[in-house]
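**Student:** Sharing query_25.pdb (PDB, C-alpha atoms and all ligand atoms) below.
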```pdb
MODEL        1
ATOM      1  CA  MET A   1     181.129   8.370  62.593  1.00  0.00           C
ATOM      2  CA  MET A   2     181.966  11.103  60.089  1.00  0.00           C
ATOM      3  CA  LEU A   3     179.234  12.164  57.661  1.00  0.00           C
ATOM      4  CA  PHE A   4     180.406  13.755  54.424  1.00  0.00           C
ATOM      5  CA  LEU A   5     178.392  15.266  51.572  1.00  0.00           C
ATOM      6  CA  ASP A   6     179.009  13.713  48.168  1.00  0.00           C
ATOM      7  CA  THR A   7     178.684  16.763  45.924  1.00  0.00           C
ATOM      8  CA  ALA A   8     180.678  19.681  44.541  1.00  0.00           C
ATOM      9  CA  GLU A   9     177.757  22.113  44.591  1.00  0.00           C
ATOM     10  CA  THR A  10     178.696  24.898  46.970  1.00  0.00           C
ATOM     11  CA  ASP A  11     175.172  26.224  47.592  1.00  0.00           C
ATOM     12  CA  VAL A  12     173.900  22.711  48.361  1.00  0.00           C
ATOM     13  CA  ILE A  13     176.800  22.218  50.790  1.00  0.00           C
ATOM     14  CA  ALA A  14     176.301  25.599  52.469  1.00  0.00           C
ATOM     15  CA  GLU A  15     172.606  24.894  53.128  1.00  0.00           C
ATOM     16  CA  ARG A  16     173.349  21.580  54.868  1.00  0.00           C
ATOM     17  CA  ALA A  17     176.430  22.935  56.656  1.00  0.00           C
ATOM     18  CA  SER A  18     174.065  25.122  58.668  1.00  0.00           C
ATOM     19  CA  THR A  19     172.936  21.985  60.543  1.00  0.00           C
ATOM     20  CA  GLY A  20     176.446  21.454  61.909  1.00  0.00           C
ATOM     21  CA  LEU A  21     176.122  17.804  60.836  1.00  0.00           C
ATOM     22  CA  VAL A  22     178.506  17.875  57.866  1.00  0.00           C
ATOM     23  CA  ASP A  23     182.011  16.677  58.763  1.00  0.00           C
ATOM     24  CA  GLY A  24     183.509  16.835  55.283  1.00  0.00           C
ATOM     25  CA  VAL A  25     182.891  16.677  51.529  1.00  0.00           C
ATOM     26  CA  THR A  26     183.871  14.357  48.692  1.00  0.00           C
ATOM     27  CA  THR A  27     184.021  15.369  45.070  1.00  0.00           C
ATOM     28  CA  ASN A  28     185.006  13.525  41.916  1.00  0.00           C
ATOM     29  CA  PRO A  29     185.513  14.681  38.329  1.00  0.00           C
ATOM     30  CA  SER A  30     181.893  13.829  37.413  1.00  0.00           C
ATOM     31  CA  LEU A  31     180.483  15.767  40.378  1.00  0.00           C
ATOM     32  CA  ALA A  32     182.796  18.729  39.696  1.00  0.00           C
ATOM     33  CA  ALA A  33     181.768  18.765  36.025  1.00  0.00           C
ATOM     34  CA  LYS A  34     178.104  18.747  37.080  1.00  0.00           C
ATOM     35  CA  ALA A  35     178.670  21.639  39.504  1.00  0.00           C
ATOM     36  CA  GLY A  36     180.324  23.721  36.748  1.00  0.00           C
ATOM     37  CA  GLY A  37     182.401  26.864  37.348  1.00  0.00           C
ATOM     38  CA  ASP A  38     186.100  27.008  38.138  1.00  0.00           C
ATOM     39  CA  PHE A  39     187.254  23.785  39.840  1.00  0.00           C
ATOM     40  CA  PHE A  40     189.840  25.455  42.094  1.00  0.00           C
ATOM     41  CA  GLU A  41     187.530  28.315  43.101  1.00  0.00           C
ATOM     42  CA  GLY A  42     184.763  25.816  43.874  1.00  0.00           C
ATOM     43  CA  LEU A  43     187.063  23.780  46.114  1.00  0.00           C
ATOM     44  CA  LYS A  44     188.214  26.931  47.884  1.00  0.00           C
ATOM     45  CA  ALA A  45     184.604  27.898  48.577  1.00  0.00           C
ATOM     46  CA  ILE A  46     183.852  24.415  49.931  1.00  0.00           C
ATOM     47  CA  CYS A  47     186.890  24.594  52.232  1.00  0.00           C
ATOM     48  CA  GLU A  48     185.703  27.951  53.524  1.00  0.00           C
ATOM     49  CA  THR A  49     182.273  26.444  54.297  1.00  0.00           C
ATOM     50  CA  ILE A  50     183.210  23.116  55.888  1.00  0.00           C
ATOM     51  CA  ASP A  51     186.076  22.739  58.346  1.00  0.00           C
ATOM     52  CA  GLY A  52     186.875  19.097  57.644  1.00  0.00           C
ATOM     53  CA  PRO A  53     188.365  16.768  55.045  1.00  0.00           C
ATOM     54  CA  ILE A  54     187.489  17.862  51.476  1.00  0.00           C
ATOM     55  CA  SER A  55     188.414  15.238  48.877  1.00  0.00           C
ATOM     56  CA  ALA A  56     189.565  16.548  45.495  1.00  0.00           C
ATOM     57  CA  GLU A  57     190.502  14.068  42.797  1.00  0.00           C
ATOM     58  CA  VAL A  58     193.470  14.127  40.442  1.00  0.00           C
ATOM     59  CA  ILE A  59     192.948  13.759  36.684  1.00  0.00           C
ATOM     60  CA  ALA A  60     196.404  12.460  35.730  1.00  0.00           C
ATOM     61  CA  THR A  61     196.840   8.706  35.363  1.00  0.00           C
ATOM     62  CA  ASP A  62     200.591   8.404  35.965  1.00  0.00           C
ATOM     63  CA  ALA A  63     202.113   8.713  39.430  1.00  0.00           C
ATOM     64  CA  HIS A  64     204.451  11.580  38.569  1.00  0.00           C
ATOM     65  CA  ASN A  65     201.658  13.845  37.375  1.00  0.00           C
ATOM     66  CA  MET A  66     199.236  12.616  40.060  1.00  0.00           C
ATOM     67  CA  ILE A  67     201.728  13.783  42.682  1.00  0.00           C
ATOM     68  CA  ALA A  68     202.134  17.154  40.955  1.00  0.00           C
ATOM     69  CA  GLU A  69     198.347  17.616  40.709  1.00  0.00           C
ATOM     70  CA  GLY A  70     197.907  16.451  44.298  1.00  0.00           C
ATOM     71  CA  LYS A  71     200.333  19.090  45.537  1.00  0.00           C
ATOM     72  CA  LYS A  72     198.545  21.730  43.449  1.00  0.00           C
ATOM     73  CA  LEU A  73     195.232  20.725  45.026  1.00  0.00           C
ATOM     74  CA  ARG A  74     196.777  20.714  48.511  1.00  0.00           C
ATOM     75  CA  ALA A  75     197.945  24.298  47.949  1.00  0.00           C
ATOM     76  CA  ILE A  76     194.289  25.409  47.851  1.00  0.00           C
ATOM     77  CA  HIS A  77     193.705  24.657  51.541  1.00  0.00           C
ATOM     78  CA  ASP A  78     195.128  22.483  54.300  1.00  0.00           C
ATOM     79  CA  ASN A  79     191.825  20.525  54.552  1.00  0.00           C
ATOM     80  CA  ILE A  80     192.130  19.198  50.992  1.00  0.00           C
ATOM     81  CA  VAL A  81     192.525  15.418  50.812  1.00  0.00           C
ATOM     82  CA  VAL A  82     194.099  14.194  47.563  1.00  0.00           C
ATOM     83  CA  LYS A  83     191.806  11.654  45.948  1.00  0.00           C
ATOM     84  CA  LEU A  84     193.615   9.028  43.899  1.00  0.00           C
ATOM     85  CA  PRO A  85     192.258   6.113  41.877  1.00  0.00           C
ATOM     86  CA  LEU A  86     193.024   2.623  43.139  1.00  0.00           C
ATOM     87  CA  THR A  87     195.453   1.755  40.352  1.00  0.00           C
ATOM     88  CA  PHE A  88     199.123   0.770  40.286  1.00  0.00           C
ATOM     89  CA  GLU A  89     200.065   4.393  39.588  1.00  0.00           C
ATOM     90  CA  GLY A  90     197.524   5.732  42.079  1.00  0.00           C
ATOM     91  CA  LEU A  91     199.030   3.666  44.884  1.00  0.00           C
ATOM     92  CA  LYS A  92     202.550   4.789  43.958  1.00  0.00           C
ATOM     93  CA  ALA A  93     201.352   8.388  44.186  1.00  0.00           C
ATOM     94  CA  CYS A  94     199.565   7.593  47.462  1.00  0.00           C
ATOM     95  CA  ARG A  95     202.757   6.293  49.052  1.00  0.00           C
ATOM     96  CA  ALA A  96     204.757   9.327  47.885  1.00  0.00           C
ATOM     97  CA  LEU A  97     202.153  11.875  48.994  1.00  0.00           C
ATOM     98  CA  THR A  98     201.672  10.096  52.341  1.00  0.00           C
ATOM     99  CA  ASP A  99     205.427  10.068  52.962  1.00  0.00           C
ATOM    100  CA  ASP A 100     205.400  13.772  52.187  1.00  0.00           C
ATOM    101  CA  GLY A 101     202.710  14.381  54.833  1.00  0.00           C
ATOM    102  CA  HIS A 102     199.669  14.830  52.562  1.00  0.00           C
ATOM    103  CA  PRO A 103     196.296  13.210  53.399  1.00  0.00           C
ATOM    104  CA  THR A 104     194.907  10.908  50.701  1.00  0.00           C
ATOM    105  CA  ASN A 105     191.646   9.204  49.751  1.00  0.00           C
ATOM    106  CA  VAL A 106     192.104   6.125  47.572  1.00  0.00           C
ATOM    107  CA  THR A 107     188.937   5.806  45.556  1.00  0.00           C
ATOM    108  CA  LEU A 108     187.167   3.271  43.306  1.00  0.00           C
ATOM    109  CA  CYS A 109     187.774   0.394  45.727  1.00  0.00           C
ATOM    110  CA  PHE A 110     185.765  -2.738  44.914  1.00  0.00           C
ATOM    111  CA  SER A 111     187.515  -5.582  46.768  1.00  0.00           C
ATOM    112  CA  VAL A 112     189.171  -6.536  50.036  1.00  0.00           C
ATOM    113  CA  ALA A 113     192.448  -7.063  48.176  1.00  0.00           C
ATOM    114  CA  GLN A 114     192.320  -3.499  46.851  1.00  0.00           C
ATOM    115  CA  ALA A 115     191.533  -2.179  50.353  1.00  0.00           C
ATOM    116  CA  LEU A 116     194.561  -4.057  51.682  1.00  0.00           C
ATOM    117  CA  MET A 117     196.791  -2.450  49.039  1.00  0.00           C
ATOM    118  CA  ALA A 118     195.399   1.033  49.798  1.00  0.00           C
ATOM    119  CA  ALA A 119     196.112   0.592  53.511  1.00  0.00           C
ATOM    120  CA  LYS A 120     199.618  -0.681  52.761  1.00  0.00           C
ATOM    121  CA  ALA A 121     200.156   2.439  50.596  1.00  0.00           C
ATOM    122  CA  GLY A 122     199.363   4.556  53.655  1.00  0.00           C
ATOM    123  CA  ALA A 123     196.003   5.927  52.480  1.00  0.00           C
ATOM    124  CA  THR A 124     194.271   8.176  54.996  1.00  0.00           C
ATOM    125  CA  PHE A 125     190.879   7.086  53.595  1.00  0.00           C
ATOM    126  CA  VAL A 126     189.815   4.228  51.346  1.00  0.00           C
ATOM    127  CA  SER A 127     186.524   4.589  49.462  1.00  0.00           C
ATOM    128  CA  PRO A 128     184.685   1.328  48.782  1.00  0.00           C
ATOM    129  CA  PHE A 129     181.863   1.949  46.267  1.00  0.00           C
ATOM    130  CA  ILE A 130     178.833   0.182  47.706  1.00  0.00           C
ATOM    131  CA  GLY A 131     176.207   1.239  45.170  1.00  0.00           C
ATOM    132  CA  ARG A 132     178.178   0.317  42.086  1.00  0.00           C
ATOM    133  CA  LEU A 133     178.789  -3.170  43.521  1.00  0.00           C
ATOM    134  CA  ASP A 134     175.079  -3.579  44.307  1.00  0.00           C
ATOM    135  CA  ASP A 135     174.271  -2.348  40.784  1.00  0.00           C
ATOM    136  CA  GLN A 136     176.005  -5.407  39.375  1.00  0.00           C
ATOM    137  CA  GLY A 137     174.422  -7.829  41.828  1.00  0.00           C
ATOM    138  CA  GLU A 138     177.247  -7.924  44.396  1.00  0.00           C
ATOM    139  CA  ASP A 139     177.127  -7.186  48.124  1.00  0.00           C
ATOM    140  CA  GLY A 140     178.413  -3.647  48.716  1.00  0.00           C
ATOM    141  CA  LEU A 141     177.751  -3.606  52.452  1.00  0.00           C
ATOM    142  CA  GLY A 142     179.423  -7.004  52.771  1.00  0.00           C
ATOM    143  CA  LEU A 143     182.594  -5.399  51.427  1.00  0.00           C
ATOM    144  CA  ILE A 144     182.478  -2.752  54.184  1.00  0.00           C
ATOM    145  CA  GLU A 145     182.123  -5.510  56.810  1.00  0.00           C
ATOM    146  CA  ASP A 146     185.075  -7.427  55.354  1.00  0.00           C
ATOM    147  CA  ILE A 147     187.359  -4.399  55.137  1.00  0.00           C
ATOM    148  CA  ARG A 148     186.480  -3.495  58.743  1.00  0.00           C
ATOM    149  CA  MET A 149     187.486  -7.000  59.821  1.00  0.00           C
ATOM    150  CA  LEU A 150     190.728  -6.825  57.826  1.00  0.00           C
ATOM    151  CA  TYR A 151     191.769  -3.416  59.163  1.00  0.00           C
ATOM    152  CA  ASP A 152     190.926  -4.346  62.765  1.00  0.00           C
ATOM    153  CA  GLU A 153     192.708  -7.677  62.519  1.00  0.00           C
ATOM    154  CA  HIS A 154     195.921  -6.075  61.258  1.00  0.00           C
ATOM    155  CA  GLY A 155     195.718  -2.689  62.963  1.00  0.00           C
ATOM    156  CA  PHE A 156     195.563  -0.571  59.795  1.00  0.00           C
ATOM    157  CA  ALA A 157     194.758   3.080  60.561  1.00  0.00           C
ATOM    158  CA  THR A 158     193.193   3.835  57.148  1.00  0.00           C
ATOM    159  CA  TYR A 159     189.653   5.178  57.559  1.00  0.00           C
ATOM    160  CA  ILE A 160     186.894   3.305  55.723  1.00  0.00           C
ATOM    161  CA  LEU A 161     184.829   5.865  53.813  1.00  0.00           C
ATOM    162  CA  ALA A 162     181.668   4.237  52.445  1.00  0.00           C
ATOM    163  CA  ALA A 163     180.930   5.763  49.025  1.00  0.00           C
ATOM    164  CA  SER A 164     178.552   5.377  46.099  1.00  0.00           C
ATOM    165  CA  ILE A 165     175.620   5.545  48.486  1.00  0.00           C
ATOM    166  CA  ARG A 166     172.225   4.952  46.883  1.00  0.00           C
ATOM    167  CA  SER A 167     169.870   4.829  49.887  1.00  0.00           C
ATOM    168  CA  MET A 168     169.415   5.561  53.563  1.00  0.00           C
ATOM    169  CA  GLU A 169     169.790   1.813  54.159  1.00  0.00           C
ATOM    170  CA  HIS A 170     173.303   2.057  52.721  1.00  0.00           C
ATOM    171  CA  VAL A 171     174.190   4.714  55.312  1.00  0.00           C
ATOM    172  CA  GLU A 172     172.636   2.708  58.144  1.00  0.00           C
ATOM    173  CA  GLY A 173     174.318  -0.494  56.986  1.00  0.00           C
ATOM    174  CA  SER A 174     177.715   1.214  56.630  1.00  0.00           C
ATOM    175  CA  ALA A 175     177.436   2.661  60.120  1.00  0.00           C
ATOM    176  CA  LEU A 176     176.487  -0.714  61.588  1.00  0.00           C
ATOM    177  CA  ALA A 177     179.289  -2.443  59.664  1.00  0.00           C
ATOM    178  CA  GLY A 178     181.832  -0.099  61.241  1.00  0.00           C
ATOM    179  CA  ALA A 179     182.635   2.345  58.439  1.00  0.00           C
ATOM    180  CA  ASP A 180     184.490   5.355  59.865  1.00  0.00           C
ATOM    181  CA  ALA A 181     182.808   7.726  57.440  1.00  0.00           C
ATOM    182  CA  CYS A 182     180.088   7.750  54.845  1.00  0.00           C
ATOM    183  CA  THR A 183     179.749  10.175  51.963  1.00  0.00           C
ATOM    184  CA  ILE A 184     176.118  10.920  51.254  1.00  0.00           C
ATOM    185  CA  PRO A 185     174.291  12.493  48.299  1.00  0.00           C
ATOM    186  CA  PRO A 186     172.394  15.591  49.544  1.00  0.00           C
ATOM    187  CA  LYS A 187     168.948  14.076  48.846  1.00  0.00           C
ATOM    188  CA  ILE A 188     169.731  11.098  51.091  1.00  0.00           C
ATOM    189  CA  PHE A 189     171.239  13.382  53.754  1.00  0.00           C
ATOM    190  CA  ASP A 190     167.888  15.235  53.879  1.00  0.00           C
ATOM    191  CA  ALA A 191     165.885  11.993  53.876  1.00  0.00           C
ATOM    192  CA  MET A 192     167.837  10.794  56.920  1.00  0.00           C
ATOM    193  CA  ILE A 193     166.255  13.559  58.979  1.00  0.00           C
ATOM    194  CA  GLN A 194     162.691  13.130  57.752  1.00  0.00           C
ATOM    195  CA  HIS A 195     160.056  10.665  59.009  1.00  0.00           C
ATOM    196  CA  ASP A 196     156.300  10.836  58.337  1.00  0.00           C
ATOM    197  CA  LEU A 197     155.495  10.008  61.954  1.00  0.00           C
ATOM    198  CA  THR A 198     157.688  12.919  63.081  1.00  0.00           C
ATOM    199  CA  ASP A 199     155.871  15.290  60.709  1.00  0.00           C
ATOM    200  CA  ASN A 200     152.407  14.004  61.633  1.00  0.00           C
ATOM    201  CA  GLY A 201     153.200  14.032  65.343  1.00  0.00           C
ATOM    202  CA  LEU A 202     154.464  17.595  65.190  1.00  0.00           C
ATOM    203  CA  ASP A 203     151.376  18.745  63.229  1.00  0.00           C
ATOM    204  CA  ALA A 204     149.120  17.245  65.900  1.00  0.00           C
ATOM    205  CA  PHE A 205     151.083  18.851  68.764  1.00  0.00           C
ATOM    206  CA  LEU A 206     150.905  22.278  67.157  1.00  0.00           C
ATOM    207  CA  LYS A 207     147.198  21.968  66.301  1.00  0.00           C
ATOM    208  CA  ASP A 208     146.359  20.973  69.885  1.00  0.00           C
ATOM    209  CA  TRP A 209     148.386  23.919  71.157  1.00  0.00           C
ATOM    210  CA  ALA A 210     146.670  26.378  68.795  1.00  0.00           C
ATOM    211  CA  ASN A 211     143.190  24.924  69.536  1.00  0.00           C
ATOM    212  CA  ALA A 212     143.784  25.613  73.201  1.00  0.00           C
ATOM    213  CA  GLY A 213     144.243  29.283  72.230  1.00  0.00           C
ATOM    214  CA  LYS A 214     147.961  29.357  73.009  1.00  0.00           C
ATOM    215  CA  GLY A 215     150.583  31.301  71.022  1.00  0.00           C
ATOM    216  CA  ALA A 216     154.375  31.620  70.822  1.00  0.00           C
ATOM    217  CA  LEU A 217     156.420  30.898  73.938  1.00  0.00           C
TER     218      LEU A 217
HETATM  219  C1  LIG A 301     182.710   9.511  46.286  1.00  0.00           C
HETATM  220  O1  LIG A 301     183.809   9.565  46.762  1.00  0.00           O
HETATM  221  C2  LIG A 301     182.434   8.780  45.040  1.00  0.00           C
HETATM  222  O2  LIG A 301     183.091   9.375  43.974  1.00  0.00           O
HETATM  223  C3  LIG A 301     180.942   8.725  44.813  1.00  0.00           C
HETATM  224  O3  LIG A 301     180.325   8.335  46.006  1.00  0.00           O
HETATM  225  C4  LIG A 301     180.564   7.827  43.648  1.00  0.00           C
HETATM  226  O4  LIG A 301     179.176   7.667  43.645  1.00  0.00           O
HETATM  227  P1  LIG A 301     178.375   7.077  42.379  1.00  0.00           P
HETATM  228  O5  LIG A 301     178.671   5.636  42.276  1.00  0.00           O
HETATM  229  O6  LIG A 301     176.944   7.341  42.710  1.00  0.00           O
HETATM  230  O7  LIG A 301     178.851   7.848  41.180  1.00  0.00           O
ENDMDL
END
```
Translate the structure of the given file into structure tokens.
**Tutor:**
Amino acid sequence: MMLFLDTAETDVIAERASTGLVDGVTTNPSLAAKAGGDFFEGLKAICETIDGPISAEVIATDAHNMIAEGKKLRAIHDNIVVKLPLTFEGLKACRALTDDGHPTNVTLCFSVAQALMAAKAGATFVSPFIGRLDDQGEDGLGLIEDIRMLYDEHGFATYILAASIRSMEHVEGSALAGADACTIPPKIFDAMIQHDLTDNGLDAFLKDWANAGKGAL
């Protein structure tokens, strides 16, 4: 399973990249605005840090300009994945960019029907937004399960990229439901490594070692 970081902050990405656990990055206009600085320079820096799919979203809302922006983004680095909204125009752009050999991530997916359309448009990734569905009382993880069933049943190659992650349970649930990738906010990425029993156990081991008068190996 691929683990991506859901942020556009280059220093935050670089710190976690040192673990070797980051397979890619997703950004969106809100995350890029929060990160500040030059959008294109920021994406270039991310591509130089992580050797994997880096999603960069278009701003245009019509297919013609989405395609133009997508090509501009792709010119930054070969690892850029063009992120397109799951709209009529977004799917038109997805089909055109796919046919032209560009990887795509169709985002803002909230239903099985939308996931079907994204796969039919040749999307490399589809991003179902789990957290935003849960926020309005729906079952985000259930959507991942359903899309997995749909894609397996019909042999679609589109990768399911679980997005809008709010908790560690969302990552665990996405993994168990068969998502191919999950994009994780940095705080949750860090929390996935930490456990109180690990910390307490390690403290006790090191105290016992030191109490026995032993030093570095
Ligand atoms: C990533 O591709 C999405 O843009 C992101 O996960 C959305 O998360 P949010 O619902 O927390 O804004």
**Student:** Residues within 10 Å of ligand LIG 301 (chain A), counting only C-alpha atoms and all ligand atoms: report them as a PyMOL selection string.
**Tutor:** chain A and resi 4-7+25-31+55-57+83+85+105-109+126-133+135+161-166+182-185
**Student:** Rounded to one decimal place, report the atom CA of A:Tyr151-atom CA of A:Gly24 distance in Å.
**Tutor:**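 Going from atom CA of A:Tyr151 over to atom CA of A:Gly24 covers 22.2 Å.
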**Student:** To one decimal place, how far is atom CA of A:Leu73 from atom CA of A:Ile46 in Å?
**Tutor:** 12.9 Å
**Student:** For A:Asp139, which residue out of A:Gly213, A:Gly173, A:Pro53, A:Gly122 is the nearest one, using all atoms listed in the file?
**Tutor:**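 Closest to A:Asp139 of all the choices is A:Gly173.
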**Student:** What is the atom CA of A:Val82-atom CA of A:His102 distance in Å, reported with one decimal?
**Tutor:** 7.5 Å
**Student:** Specify the axis-aligned box that encloses all atoms of stretch 76-80 of chain A listed in the file after padding of 5 Å on each side, stating its centre and edge lengths in Å to one decimal as JSON.
**Tutor:**
```
{"center_x": 193.5, "center_y": 22.3, "center_z": 51.2, "size_x": 13.3, "size_y": 16.2, "size_z": 16.7}
```
**Student:** Counting only C-alpha atoms, which residues sit no farther than 10 Å from the position (202.7, 6.7, 45.7) in the file's frame? I'd like them as a PDB file with C-alpha atoms, keeping the file's coordinate frame.
**Tutor:**
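Final output, result02.pdb:
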```
ATOM      1  CA  ALA A  63     202.113   8.713  39.430  1.00  0.00           C
ATOM      2  CA  HIS A  64     204.451  11.580  38.569  1.00  0.00           C
ATOM      3  CA  MET A  66     199.236  12.616  40.060  1.00  0.00           C
ATOM      4  CA  ILE A  67     201.728  13.783  42.682  1.00  0.00           C
ATOM      5  CA  LEU A  84     193.615   9.028  43.899  1.00  0.00           C
ATOM      6  CA  PHE A  88     199.123   0.770  40.286  1.00  0.00           C
ATOM      7  CA  GLU A  89     200.065   4.393  39.588  1.00  0.00           C
ATOM      8  CA  GLY A  90     197.524   5.732  42.079  1.00  0.00           C
ATOM      9  CA  LEU A  91     199.030   3.666  44.884  1.00  0.00           C
ATOM     10  CA  LYS A  92     202.550   4.789  43.958  1.00  0.00           C
ATOM     11  CA  ALA A  93     201.352   8.388  44.186  1.00  0.00           C
ATOM     12  CA  CYS A  94     199.565   7.593  47.462  1.00  0.00           C
ATOM     13  CA  ARG A  95     202.757   6.293  49.052  1.00  0.00           C
ATOM     14  CA  ALA A  96     204.757   9.327  47.885  1.00  0.00           C
ATOM     15  CA  LEU A  97     202.153  11.875  48.994  1.00  0.00           C
ATOM     16  CA  THR A  98     201.672  10.096  52.341  1.00  0.00           C
ATOM     17  CA  ASP A  99     205.427  10.068  52.962  1.00  0.00           C
ATOM     18  CA  ASP A 100     205.400  13.772  52.187  1.00  0.00           C
ATOM     19  CA  ALA A 121     200.156   2.439  50.596  1.00  0.00           C
ATOM     20  CA  GLY A 122     199.363   4.556  53.655  1.00  0.00           C
ATOM     21  CA  ALA A 123     196.003   5.927  52.480  1.00  0.00           C
TER      22      ALA A 123
END
```
**Student:** Can you work out which one of A:Ala60, A:His77, A:Gly140, A:Ala157 has the shortest atom-to-atom distance to A:Leu116, counting all atoms listed in the file?
**Tutor:**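 When distances to A:Leu116 are compared using all atoms listed in the file, the smallest one comes from A:Ala157.
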**Student:** Under the rule that only C-alpha atoms are counted, which of A:Leu176, A:Ile13, A:Ala45, A:Met2 is the nearest residue to A:Asp190?
**Tutor:**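 So, comparing all the options, the nearest one is A:Ile13.
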**Student:** Taking (183.2, -0.2, 54.9) in the file's coordinates, which residues come within 6 Å, counting all atoms listed in the file, written as JSON, numbers by chain?
**Tutor:** {"A": [144, 145, 147, 160, 162, 174, 179]}
**Student:** For A:Asp51, find every residue with an atom within 10 Å (counting all atoms listed in the file), except residues of its own chain fewer than 6 positions away, and show them as number ranges by chain.
**Tutor:** A: 17, 22-25, 78-79
**Student:** Which of these residues is nearest to A:Pro103, using only C-alpha atoms: A:Val81, A:Leu3, A:Ala216, A:Ala115?
**Tutor:**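 Checking each candidate against A:Pro103, we get A:Val81 as the closest.
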**Student:** From the list A:Phe39, A:Phe189, A:Phe110, A:Phe125, which residue is nearest A:Ile59 when using all atoms listed in the file?
**Tutor:**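 Result for the nearest residue to A:Ile59: A:Phe39.
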**Student:** Which residue is closest to A:Gly178? Choose from A:Ala210, A:Met149, A:Leu197, A:Ala119 and count all atoms listed in the file.
**Tutor:**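 Counting all atoms listed in the file, the residue closest to A:Gly178 is A:Met149.
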